[in-house]
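Q: PDB, C-alpha atoms, file data29.pdb:
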ATOM      1  CA  MET A  20     -39.049-138.903 -98.417
ATOM      2  CA  ALA A  21     -40.564-135.433 -98.716
ATOM      3  CA  GLU A  22     -42.509-135.997 -95.513
ATOM      4  CA  LEU A  23     -39.361-137.109 -93.716
ATOM      5  CA  ALA A  24     -37.521-134.055 -95.031
ATOM      6  CA  ALA A  25     -40.287-131.848 -93.620
ATOM      7  CA  LEU A  26     -39.753-133.407 -90.181
ATOM      8  CA  GLU A  27     -36.046-132.508 -90.211
ATOM      9  CA  ASP A  28     -35.109-130.555 -87.064
ATOM     10  CA  PRO A  29     -31.605-129.024 -86.800
ATOM     11  CA  LYS A  30     -31.638-129.364 -83.000
ATOM     12  CA  ALA A  31     -32.549-133.046 -83.224
ATOM     13  CA  ARG A  32     -29.803-133.561 -85.803
ATOM     14  CA  ALA A  33     -27.226-131.942 -83.530
ATOM     15  CA  VAL A  34     -28.178-134.252 -80.652
ATOM     16  CA  ASN A  35     -28.260-137.329 -82.884
ATOM     17  CA  GLU A  36     -24.909-136.562 -84.475
ATOM     18  CA  ARG A  37     -23.295-136.415 -81.034
ATOM     19  CA  HIS A  38     -24.366-140.064 -80.688
ATOM     20  CA  GLY A  39     -23.050-141.041 -84.118
ATOM     21  CA  ASP A  40     -26.392-140.933 -85.944
ATOM     22  CA  ASP A  41     -27.036-139.086 -89.184
ATOM     23  CA  HIS A  42     -30.625-137.816 -89.151
ATOM     24  CA  GLY A  43     -32.606-134.942 -87.688
ATOM     25  CA  VAL A  44     -36.044-136.469 -87.208
ATOM     26  CA  ASN A  45     -37.600-136.657 -83.757
ATOM     27  CA  LEU A  46     -38.132-140.363 -83.023
ATOM     28  CA  GLY A  47     -41.587-139.768 -81.560
ATOM     29  CA  LYS A  48     -42.690-138.162 -84.821
ATOM     30  CA  LEU A  49     -41.047-140.971 -86.771
ATOM     31  CA  ARG A  50     -42.991-143.561 -84.779
ATOM     32  CA  ALA A  51     -46.229-141.638 -85.316
ATOM     33  CA  LEU A  52     -45.595-141.696 -89.071
ATOM     34  CA  ALA A  53     -44.926-145.433 -88.921
ATOM     35  CA  LYS A  54     -48.148-145.998 -86.979
ATOM     36  CA  ARG A  55     -50.093-144.206 -89.705
ATOM     37  CA  LEU A  56     -48.398-146.129 -92.522
ATOM     38  CA  LYS A  57     -48.773-149.517 -90.783
ATOM     39  CA  THR A  58     -46.938-152.533 -92.239
ATOM     40  CA  GLN A  59     -45.843-151.982 -95.848
ATOM     41  CA  GLN A  60     -43.086-154.366 -96.879
ATOM     42  CA  ASP A  61     -42.475-152.976-100.378
ATOM     43  CA  LEU A  62     -42.282-149.422 -99.066
ATOM     44  CA  ALA A  63     -39.940-150.582 -96.306
ATOM     45  CA  ARG A  64     -37.549-152.096 -98.836
ATOM     46  CA  ALA A  65     -37.656-148.938-100.963
ATOM     47  CA  LEU A  66     -36.990-146.724 -97.946
ATOM     48  CA  TRP A  67     -34.044-148.880 -96.882
ATOM     49  CA  ALA A  68     -32.583-148.711-100.378
ATOM     50  CA  THR A  69     -32.348-144.897-100.185
ATOM     51  CA  GLY A  70     -29.519-145.161 -97.638
ATOM     52  CA  ASP A  71     -31.023-142.240 -95.708
ATOM     53  CA  GLY A  72     -30.828-142.641 -91.923
ATOM     54  CA  ALA A  73     -34.366-141.528 -91.091
ATOM     55  CA  ALA A  74     -35.779-143.522 -94.019
ATOM     56  CA  ARG A  75     -34.013-146.652 -92.804
ATOM     57  CA  LEU A  76     -35.364-146.221 -89.287
ATOM     58  CA  LEU A  77     -38.874-145.828 -90.712
ATOM     59  CA  ALA A  78     -38.332-148.916 -92.871
ATOM     60  CA  LEU A  79     -37.496-150.940 -89.768
ATOM     61  CA  LEU A  80     -40.780-149.868 -88.153
ATOM     62  CA  ILE A  81     -43.059-150.795 -91.066
ATOM     63  CA  CYS A  82     -41.423-153.954 -92.417
ATOM     64  CA  ARG A  83     -42.310-157.615 -91.856
ATOM     65  CA  PRO A  84     -39.305-158.927 -89.872
ATOM     66  CA  LYS A  85     -39.893-162.591 -90.708
ATOM     67  CA  SER A  86     -39.923-161.960 -94.462
ATOM     68  CA  PHE A  87     -36.164-161.361 -94.769
ATOM     69  CA  ASP A  88     -33.765-164.199 -95.463
ATOM     70  CA  ARG A  89     -30.453-164.724 -93.718
ATOM     71  CA  ASP A  90     -28.266-163.146 -96.410
ATOM     72  CA  GLU A  91     -30.499-160.067 -96.622
ATOM     73  CA  LEU A  92     -30.228-159.481 -92.884
ATOM     74  CA  ASP A  93     -26.473-159.982 -92.952
ATOM     75  CA  ALA A  94     -26.089-157.461 -95.771
ATOM     76  CA  MET A  95     -28.401-154.980 -94.040
ATOM     77  CA  LEU A  96     -26.458-155.189 -90.794
ATOM     78  CA  ARG A  97     -23.164-154.558 -92.572
ATOM     79  CA  ALA A  98     -24.736-151.524 -94.265
ATOM     80  CA  ALA A  99     -26.171-150.203 -90.988
ATOM     81  CA  ARG A 100     -23.180-148.273 -89.734
ATOM     82  CA  THR A 101     -24.943-145.752 -87.472
ATOM     83  CA  PRO A 102     -25.778-146.855 -83.919
ATOM     84  CA  LYS A 103     -29.546-146.264 -84.011
ATOM     85  CA  VAL A 104     -30.119-148.058 -87.334
ATOM     86  CA  HIS A 105     -27.878-150.895 -86.137
ATOM     87  CA  ASP A 106     -29.722-151.220 -82.813
ATOM     88  CA  TRP A 107     -33.215-151.084 -84.341
ATOM     89  CA  LEU A 108     -32.263-153.603 -87.007
ATOM     90  CA  VAL A 109     -31.100-156.087 -84.373
ATOM     91  CA  ASN A 110     -33.956-155.469 -81.933
ATOM     92  CA  TYR A 111     -36.928-154.925 -84.249
ATOM     93  CA  MET A 112     -36.040-157.283 -87.084
ATOM     94  CA  VAL A 113     -33.365-159.859 -86.387
ATOM     95  CA  LYS A 114     -34.682-160.909 -82.969
ATOM     96  CA  LYS A 115     -38.055-161.654 -84.608
ATOM     97  CA  ASN A 116     -36.580-163.514 -87.576
ATOM     98  CA  PRO A 117     -36.225-167.316 -87.778
ATOM     99  CA  HIS A 118     -32.533-166.932 -88.742
ATOM    100  CA  ALA A 119     -31.663-165.088 -85.503
ATOM    101  CA  GLU A 120     -29.746-167.948 -83.872
ATOM    102  CA  GLU A 121     -27.749-168.733 -87.016
ATOM    103  CA  LEU A 122     -26.846-165.064 -87.359
ATOM    104  CA  ARG A 123     -25.984-164.803 -83.654
ATOM    105  CA  LEU A 124     -23.347-167.484 -84.022
ATOM    106  CA  ALA A 125     -21.946-166.083 -87.264
ATOM    107  CA  TRP A 126     -21.863-162.467 -86.140
ATOM    108  CA  THR A 127     -20.305-163.128 -82.732
ATOM    109  CA  ALA A 128     -17.302-164.679 -84.511
ATOM    110  CA  ASP A 129     -17.073-161.931 -87.166
ATOM    111  CA  PRO A 130     -13.802-159.959 -87.340
ATOM    112  CA  ASP A 131     -15.725-156.684 -87.769
ATOM    113  CA  PRO A 132     -16.315-155.440 -84.189
ATOM    114  CA  VAL A 133     -19.563-153.660 -85.133
ATOM    115  CA  VAL A 134     -20.943-156.872 -86.635
ATOM    116  CA  ALA A 135     -19.672-158.838 -83.623
ATOM    117  CA  SER A 136     -21.502-156.433 -81.310
ATOM    118  CA  ALA A 137     -24.771-157.495 -82.966
ATOM    119  CA  GLY A 138     -23.924-161.117 -82.201
ATOM    120  CA  TRP A 139     -23.352-160.219 -78.570
ATOM    121  CA  ALA A 140     -26.651-158.320 -78.441
ATOM    122  CA  LEU A 141     -28.427-161.473 -79.640
ATOM    123  CA  THR A 142     -26.496-163.507 -77.084
ATOM    124  CA  THR A 143     -27.647-161.170 -74.310
ATOM    125  CA  GLU A 144     -31.228-161.721 -75.440
ATOM    126  CA  ARG A 145     -30.721-165.473 -75.046
ATOM    127  CA  VAL A 146     -28.994-165.073 -71.669
ATOM    128  CA  THR A 147     -32.111-163.352 -70.384
ATOM    129  CA  LYS A 148     -34.935-165.156 -72.191
ATOM    130  CA  ARG A 149     -33.682-168.503 -73.543
ATOM    131  CA  PRO A 150     -30.492-169.524 -71.738
ATOM    132  CA  ASP A 151     -30.903-173.273 -72.258
ATOM    133  CA  GLY A 152     -28.024-174.509 -74.393
ATOM    134  CA  LEU A 153     -25.766-171.514 -73.707
ATOM    135  CA  ASP A 154     -22.409-172.183 -72.064
ATOM    136  CA  LEU A 155     -22.411-169.301 -69.591
ATOM    137  CA  PRO A 156     -18.964-170.075 -68.077
ATOM    138  CA  ALA A 157     -17.494-170.046 -71.602
ATOM    139  CA  LEU A 158     -19.163-166.696 -72.325
ATOM    140  CA  LEU A 159     -17.647-165.318 -69.133
ATOM    141  CA  ASP A 160     -14.247-166.666 -70.206
ATOM    142  CA  VAL A 161     -14.452-164.750 -73.492
ATOM    143  CA  ILE A 162     -15.670-161.577 -71.789
ATOM    144  CA  GLU A 163     -12.874-161.779 -69.216
ATOM    145  CA  ALA A 164     -10.230-162.260 -71.919
ATOM    146  CA  GLU A 165     -11.458-159.810 -74.561
ATOM    147  CA  MET A 166     -13.764-157.082 -73.199
ATOM    148  CA  LYS A 167     -11.099-154.799 -71.727
ATOM    149  CA  ASP A 168      -9.449-154.122 -75.109
ATOM    150  CA  ALA A 169     -12.527-154.410 -77.359
ATOM    151  CA  PRO A 170     -13.585-151.423 -79.523
ATOM    152  CA  ASP A 171     -16.284-149.263 -77.960
ATOM    153  CA  ARG A 172     -19.471-150.736 -79.446
ATOM    154  CA  LEU A 173     -18.290-154.310 -79.040
ATOM    155  CA  GLN A 174     -17.131-153.559 -75.510
ATOM    156  CA  TRP A 175     -20.526-152.067 -74.659
ATOM    157  CA  ALA A 176     -22.339-155.157 -76.003
ATOM    158  CA  MET A 177     -20.056-157.559 -74.110
ATOM    159  CA  ASN A 178     -20.490-155.539 -70.928
ATOM    160  CA  HIS A 179     -24.282-155.730 -71.316
ATOM    161  CA  CYS A 180     -24.008-159.504 -71.642
ATOM    162  CA  LEU A 181     -21.796-159.670 -68.544
ATOM    163  CA  ALA A 182     -24.325-157.663 -66.549
ATOM    164  CA  ARG A 183     -27.279-159.798 -67.662
ATOM    165  CA  ILE A 184     -25.448-163.014 -66.738
ATOM    166  CA  GLY A 185     -24.920-161.581 -63.270
ATOM    167  CA  ILE A 186     -28.475-160.305 -62.968
ATOM    168  CA  ASP A 187     -30.335-163.315 -64.351
ATOM    169  CA  HIS A 188     -28.152-166.235 -63.212
ATOM    170  CA  PRO A 189     -27.361-166.252 -59.487
ATOM    171  CA  ALA A 190     -24.937-169.172 -59.809
ATOM    172  CA  HIS A 191     -22.659-166.992 -61.961
ATOM    173  CA  ARG A 192     -23.293-163.681 -60.197
ATOM    174  CA  ALA A 193     -20.170-163.582 -58.043
ATOM    175  CA  ARG A 194     -17.919-164.342 -60.992
ATOM    176  CA  ALA A 195     -19.642-161.735 -63.205
ATOM    177  CA  ILE A 196     -19.208-159.082 -60.519
ATOM    178  CA  GLY A 197     -15.585-160.116 -60.027
ATOM    179  CA  ILE A 198     -14.839-159.803 -63.736
ATOM    180  CA  GLY A 199     -16.406-156.356 -63.777
ATOM    181  CA  GLU A 200     -14.409-155.248 -60.761
ATOM    182  CA  ARG A 201     -11.113-156.482 -62.214
ATOM    183  CA  LEU A 202     -11.594-155.055 -65.715
ATOM    184  CA  GLU A 203     -13.167-151.755 -64.552
ATOM    185  CA  VAL A 204     -14.859-151.313 -67.963
ATOM    186  CA  LEU A 205     -17.210-148.277 -67.883
ATOM    187  CA  LYS A 206     -16.420-147.727 -64.190
ATOM    188  CA  ASP A 207     -16.146-143.971 -64.735
ATOM    189  CA  TYR A 208     -18.922-143.675 -67.322
ATOM    190  CA  PRO A 209     -20.875-140.439 -66.667
ATOM    191  CA  THR A 210     -24.304-141.460 -65.385
ATOM    192  CA  PRO A 211     -27.134-138.921 -65.034
ATOM    193  CA  PRO A 212     -28.919-138.671 -61.665
ATOM    194  CA  GLY A 213     -31.598-141.316 -61.312
ATOM    195  CA  CYS A 214     -30.010-143.608 -63.895
ATOM    196  CA  THR A 215     -28.130-146.852 -63.230
ATOM    197  CA  SER A 216     -24.419-146.963 -64.018
ATOM    198  CA  PRO A 217     -23.408-149.310 -66.853
ATOM    199  CA  PHE A 218     -20.445-150.464 -64.716
ATOM    200  CA  ALA A 219     -21.353-154.131 -64.395
ATOM    201  CA  PRO A 220     -20.925-154.609 -60.608
ATOM    202  CA  VAL A 221     -23.108-151.574 -59.858
ATOM    203  CA  TRP A 222     -25.615-152.511 -62.568
ATOM    204  CA  ILE A 223     -25.911-156.091 -61.306
ATOM    205  CA  ASP A 224     -26.296-155.057 -57.661
ATOM    206  CA  GLU A 225     -28.963-152.475 -58.468
ATOM    207  CA  MET A 226     -31.051-154.753 -60.684
ATOM    208  CA  VAL A 227     -30.869-157.622 -58.167
ATOM    209  CA  ARG A 228     -31.884-155.205 -55.406
ATOM    210  CA  ARG A 229     -34.933-154.145 -57.435
ATOM    211  CA  LYS A 230     -35.910-157.766 -58.037
ATOM    212  CA  THR A 231     -35.784-158.588 -54.337
ATOM    213  CA  ALA A 232     -37.178-155.315 -52.990
TER     214      ALA A 232
END
Just give me the structure of the file as structure tokens.
A:
Amino acid sequence: MAELAALEDPKARAVNERHGDDHGVNLGKLRALAKRLKTQQDLARALWATGDGAARLLALLICRPKSFDRDELDAMLRAARTPKVHDWLVNYMVKKNPHAEELRLAWTADPDPVVASAGWALTTERVTKRPDGLDLPALLDVIEAEMKDAPDRLQWAMNHCLARIGIDHPAHRARAIGIGERLEVLKDYPTPPGCTSPFAPVWIDEMVRRKTA
């Protein structure tokens, strides 16, 4: 904790806080610290228990993802209220855990939109890598009915899923683009030069173009 405190940078904190995060540690330096520590499960649990944002991010880098049971992961996700901790928990731990599919189903149906967004993130992973068994038309039905009025983080996760369906599954591409065009979610999102817009029709077209270029 003292080492993390020494890495605190007011400028980094200001940038992170604009994105809803609560720490001031440069992520490159955090990763370098994790690389030095290597995997340490007991330390990871202790760091998580502090509740400190930077400590929790470090914990996610040095833990053993498969060693957590379903209830632990569920409790950790509900305690991970900042975007970066939430995202790293889903991507670095839950996706590598044997309970990922069970949690995907439970979280997607959860009334808490932040928890539900984690379920949609896991669904997007399956859309891209393991689509067998997914009902893609049904997913598009839900997105079409609910994405427009969803809270921000849930809306973002559903939009990502919509885009990946369009990118990865040509049979559903026209419908995915049509849904995006009708709902206009993130159509006016400010996109830096050289970056791809998160507006699904533009995102889908650009990624398909790159695949076929």
Q: Evaluated on this file, the PyMOL selection byres ((chain A and resi 22) around 12) picks out some residues - which ones are they, written as a ChimeraX atom specification?
A: /A:20-21,23-27,44,48-49,52-53,73-74,77
Q: Quick check on the file I pasted: which residues fall under the PyMOL selection byres ((chain A and resi 40) around 12)? Write them as a ChimeraX atom specification.
A: /A:31-39,41-44,71-73,75-76,99-106
Q: Report the closest atom pair, with its distance in Å rounded to one decimal, for each residue of stretch 24-100 of chain A that has an atom no farther than 7 Å from stretch 108-119 of chain A; count only C-alpha atoms, sort by chain and then rising residue number, and write it as CSV.
A:
residue,atom,partner,partner_atom,distance
A:Leu79,CA,A:Leu108,CA,6.5
A:Pro84,CA,A:Met112,CA,4.6
A:Lys85,CA,A:Asn116,CA,4.7
A:Arg89,CA,A:His118,CA,5.8
Q: Just want the 12 Å neighbourhood of A:Val161, counted on all atoms listed in the file, with same-chain residues fewer than 4 positions away dropped. Output as a short mmCIF file (atom, residue, chain, number, x, y, z; two decimals) with C-alpha atoms, in the frame of the given file.
A:
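Printed below is result.cif as written:
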data_model
loop_
_atom_site.label_atom_id
_atom_site.label_comp_id
_atom_site.auth_asym_id
_atom_site.auth_seq_id
_atom_site.Cartn_x
_atom_site.Cartn_y
_atom_site.Cartn_z
CA THR A 127 -20.30 -163.13 -82.73
CA ALA A 128 -17.30 -164.68 -84.51
CA TRP A 139 -23.35 -160.22 -78.57
CA ASP A 154 -22.41 -172.18 -72.06
CA LEU A 155 -22.41 -169.30 -69.59
CA PRO A 156 -18.96 -170.08 -68.08
CA ALA A 157 -17.49 -170.05 -71.60
CA GLU A 165 -11.46 -159.81 -74.56
CA MET A 166 -13.76 -157.08 -73.20
CA LYS A 167 -11.10 -154.80 -71.73
CA ASP A 168 -9.45 -154.12 -75.11
CA ALA A 169 -12.53 -154.41 -77.36
CA GLN A 174 -17.13 -153.56 -75.51
CA MET A 177 -20.06 -157.56 -74.11
CA ASN A 178 -20.49 -155.54 -70.93
CA CYS A 180 -24.01 -159.50 -71.64
CA LEU A 181 -21.80 -159.67 -68.54
CA ALA A 195 -19.64 -161.74 -63.20
CA ILE A 198 -14.84 -159.80 -63.74
#
Q: Just how far from atom CA of A:Ala140 is atom CA of A:Ala63, in Å to one decimal?
A: 23.6 Å
Q: How many Å separate atom CA of A:Ile223 from atom CA of A:Gly197?
A: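 A separation of 11.2 Å between them.
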Q: Between A:Leu46, A:Pro209, A:Ser86, A:Lys148, which has the minimum distance to A:Trp107 (counting all atoms listed in the file)?
A: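 Looking only at the distances to A:Trp107, the closest residue turns out to be A:Leu46.
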Q: Any idea what the distance is between atom CA of A:Ala125 and atom CA of A:Asp93?
A: 9.5 Å
Q: Between A:Asp61, A:Glu120, A:Asp171, A:Asp129, single out the one closest to A:Gly152, counting only C-alpha atoms.
A: A:Glu120
Q: Quick one: stretch 110-145 of chain A from the block, C-alpha atoms, as a compact mmCIF listing (two decimals), in the first residue's frame.
A:
# COMPACT_ATOMS: atom_id res chain seq x y z
CA ASN A 110 -12.05 -9.24 -18.48
CA TYR A 111 -9.13 -10.49 -16.39
CA MET A 112 -10.94 -12.72 -13.92
CA VAL A 113 -14.49 -13.69 -14.79
CA LYS A 114 -13.80 -14.54 -18.44
CA LYS A 115 -11.10 -16.97 -17.26
CA ASN A 116 -13.22 -18.53 -14.53
CA PRO A 117 -15.23 -21.77 -14.93
CA HIS A 118 -18.36 -20.01 -13.58
CA ALA A 119 -18.34 -17.39 -16.37
CA GLU A 120 -21.34 -18.76 -18.28
CA GLU A 121 -23.46 -19.19 -15.14
CA LEU A 122 -22.63 -15.63 -14.11
CA ARG A 123 -23.32 -14.32 -17.62
CA LEU A 124 -26.87 -15.61 -17.47
CA ALA A 125 -27.48 -14.38 -13.92
CA TRP A 126 -25.96 -10.95 -14.41
CA THR A 127 -27.67 -10.20 -17.73
CA ALA A 128 -31.04 -10.60 -15.96
CA ASP A 129 -30.00 -8.59 -12.88
CA PRO A 130 -32.06 -5.47 -12.08
CA ASP A 131 -28.88 -3.50 -11.29
CA PRO A 132 -27.83 -1.98 -14.65
CA VAL A 133 -24.12 -2.00 -13.72
CA VAL A 134 -24.30 -5.71 -12.91
CA ALA A 135 -26.33 -6.32 -16.08
CA SER A 136 -23.64 -4.56 -18.11
CA ALA A 137 -21.17 -7.23 -16.97
CA GLY A 138 -23.54 -9.90 -18.24
CA TRP A 139 -23.69 -8.17 -21.61
CA ALA A 140 -19.89 -7.91 -21.72
CA LEU A 141 -19.69 -11.69 -21.23
CA THR A 142 -22.34 -12.15 -23.90
CA THR A 143 -20.29 -10.06 -26.34
CA GLU A 144 -17.32 -12.32 -25.65
CA ARG A 145 -19.44 -15.33 -26.62
